[in-house]
Amino acid sequence: MDNGVKNLVIQPTHLMNGLEYNDLITEAAEYSGSFEKVAVGEPLLTSDDDFRAVIKAVTEATARYDDGDTAICFMGHGTEAQSNQVYAKMQDMMKEAGYKHYYVGTVEAEPLWRMFWRWLRKAAIKRWSCSP
């Protein structure tokens with residue numbers, strides 16, 4: 001405002017539309033009268049196309065590990081908010097796309113990280129690599 005900015009564009013780096021994203025929207029709204037326009041971008045995982053693009057990116061980046069004996073595990077923080085469903089959705093979409101040795105879990109919510117051990121035993125995985 002002090003620098004004469006008239007249009008404010010905020011692109012958050014949030015993964016999902018969770019509690020922190022909602023706080024950002026609320027706070028940005030408090031300043032809307034100070035600018036001609038305030039725009040806030042959506043979180044990374046908003047549409048099904050977003051999920052497919054992320055799946056493509058992470059599976060291409062980790063393809064060298066997908067040898068049939070290795071599990072590729074992705075871990076998120078997790079949240080009590082309804083938006084936490086993005087983790088289970090990502091897991092489901094990866095499986096539907098044929099990535100059977102890819103697993104998605106969270107530290108503090110569902111699917112809880114302890115599920116990895118059950119999944120890995122069931123799939124008879126010999127090696128695993130987790131990426132936060």
# chains A, B, ... in the order shown; residues from 1 in each chain; ligands from 1

call {"tool": "select_by_dssp", "arguments": {"residues": "stretch 8-123 of chain A", "states": "helix (DSSP H, G or I)", "output": "PyMOL selection string"}}
result
chain A and resi 19-30+32-34+48-61+63-65+82-96+115-122

call {"tool": "closest_residue", "arguments": {"among": "A:Tyr87, A:Tyr31, A:Phe74, A:Trp119", "to": "A:Val58", "atoms": "only C-alpha atoms"}}
result
A:Phe74

call {"tool": "residues_around", "arguments": {"residues": "A:Asn84", "least_positions_apart": "3", "cutoff": "8 Å", "atoms": "only C-alpha atoms", "output": "JSON, numbers by chain"}}
result
{"A": [16, 18, 78, 79, 80, 81, 87, 88, 109, 110]}

call {"tool": "atom_distance", "arguments": {"atom1": "atom CA of A:Asn7", "atom2": "atom CA of A:Gly33"}}
result
11.1 Å

call {"tool": "select_by_dssp", "arguments": {"residues": "stretch 11-107 of chain A", "states": "strand (DSSP E)", "output": "list in words"}}
result
Lys37, Val38, Ala39, Val40, Thr70, Ala71, Ile72, Cys73, Phe74, Met75, Gly76, Tyr102, Tyr103, Val104, Gly105 and Thr106 of chain A

call {"tool": "write_last_selection", "arguments": {"atoms": "N, CA and C atoms", "output": "mmCIF file, in the first residue's frame"}}
result
data_model
loop_
_atom_site.group_PDB
_atom_site.id
_atom_site.type_symbol
_atom_site.label_atom_id
_atom_site.label_comp_id
_atom_site.auth_asym_id
_atom_site.auth_seq_id
_atom_site.Cartn_x
_atom_site.Cartn_y
_atom_site.Cartn_z
ATOM 1 N N LYS A 37 -7.804 -4.044 -6.447
ATOM 2 C CA LYS A 37 -8.164 -5.459 -6.608
ATOM 3 C C LYS A 37 -7.237 -6.320 -5.772
ATOM 4 N N VAL A 38 -7.833 -7.331 -5.128
ATOM 5 C CA VAL A 38 -7.061 -8.342 -4.401
ATOM 6 C C VAL A 38 -7.480 -9.699 -4.956
ATOM 7 N N ALA A 39 -6.517 -10.473 -5.416
ATOM 8 C CA ALA A 39 -6.787 -11.810 -5.953
ATOM 9 C C ALA A 39 -5.923 -12.812 -5.211
ATOM 10 N N VAL A 40 -6.522 -13.944 -4.847
ATOM 11 C CA VAL A 40 -5.793 -15.010 -4.159
ATOM 12 C C VAL A 40 -5.900 -16.272 -5.005
ATOM 13 N N THR A 70 10.374 -51.990 -4.717
ATOM 14 C CA THR A 70 10.553 -50.806 -3.887
ATOM 15 C C THR A 70 9.254 -50.029 -3.785
ATOM 16 N N ALA A 71 8.905 -49.619 -2.572
ATOM 17 C CA ALA A 71 7.749 -48.758 -2.359
ATOM 18 C C ALA A 71 8.219 -47.312 -2.372
ATOM 19 N N ILE A 72 7.458 -46.466 -3.014
ATOM 20 C CA ILE A 72 7.742 -45.036 -3.024
ATOM 21 C C ILE A 72 6.656 -44.387 -2.173
ATOM 22 N N CYS A 73 7.069 -43.819 -1.039
ATOM 23 C CA CYS A 73 6.119 -43.295 -0.043
ATOM 24 C C CYS A 73 6.220 -41.780 0.042
ATOM 25 N N PHE A 74 5.067 -41.137 0.065
ATOM 26 C CA PHE A 74 5.002 -39.682 0.221
ATOM 27 C C PHE A 74 4.262 -39.381 1.511
ATOM 28 N N MET A 75 4.820 -38.462 2.288
ATOM 29 C CA MET A 75 4.278 -38.156 3.593
ATOM 30 C C MET A 75 3.905 -36.685 3.671
ATOM 31 N N GLY A 76 2.677 -36.428 4.117
ATOM 32 C CA GLY A 76 2.231 -35.061 4.359
ATOM 33 C C GLY A 76 2.057 -34.841 5.849
ATOM 34 N N TYR A 102 3.167 -47.008 -5.029
ATOM 35 C CA TYR A 102 3.222 -45.633 -4.536
ATOM 36 C C TYR A 102 2.224 -45.493 -3.394
ATOM 37 N N TYR A 103 2.667 -44.853 -2.310
ATOM 38 C CA TYR A 103 1.840 -44.745 -1.116
ATOM 39 C C TYR A 103 1.866 -43.308 -0.598
ATOM 40 N N VAL A 104 0.707 -42.845 -0.117
ATOM 41 C CA VAL A 104 0.562 -41.489 0.406
ATOM 42 C C VAL A 104 -0.005 -41.587 1.813
ATOM 43 N N GLY A 105 0.648 -40.932 2.759
ATOM 44 C CA GLY A 105 0.176 -40.937 4.140
ATOM 45 C C GLY A 105 0.449 -39.606 4.807
ATOM 46 N N THR A 106 0.058 -39.513 6.070
ATOM 47 C CA THR A 106 0.266 -38.279 6.825
ATOM 48 C C THR A 106 0.842 -38.592 8.197
#

call {"tool": "residues_around", "arguments": {"residues": "A:Pro12", "least_positions_apart": "6", "cutoff": "10 Å", "atoms": "only C-alpha atoms", "output": "tab-separated table (two decimals) with C-alpha atoms, in the first residue's frame"}}
result
chain	number	residue	atom	x	y	z
A	20	GLU	CA	-4.16	-21.98	6.94
A	21	TYR	CA	-5.50	-21.24	3.46
A	24	LEU	CA	-5.08	-16.34	4.42
A	40	VAL	CA	-5.79	-15.01	-4.16
A	41	GLY	CA	-4.72	-18.08	-6.12
A	42	GLU	CA	-5.96	-21.55	-5.32
A	43	PRO	CA	-3.95	-24.23	-3.50
A	44	LEU	CA	-1.97	-26.76	-5.53

call {"tool": "closest_residue", "arguments": {"among": "A:Val9, A:Ala29, A:Arg52, A:Asp2", "to": "A:Met94", "atoms": "only C-alpha atoms"}}
result
A:Arg52
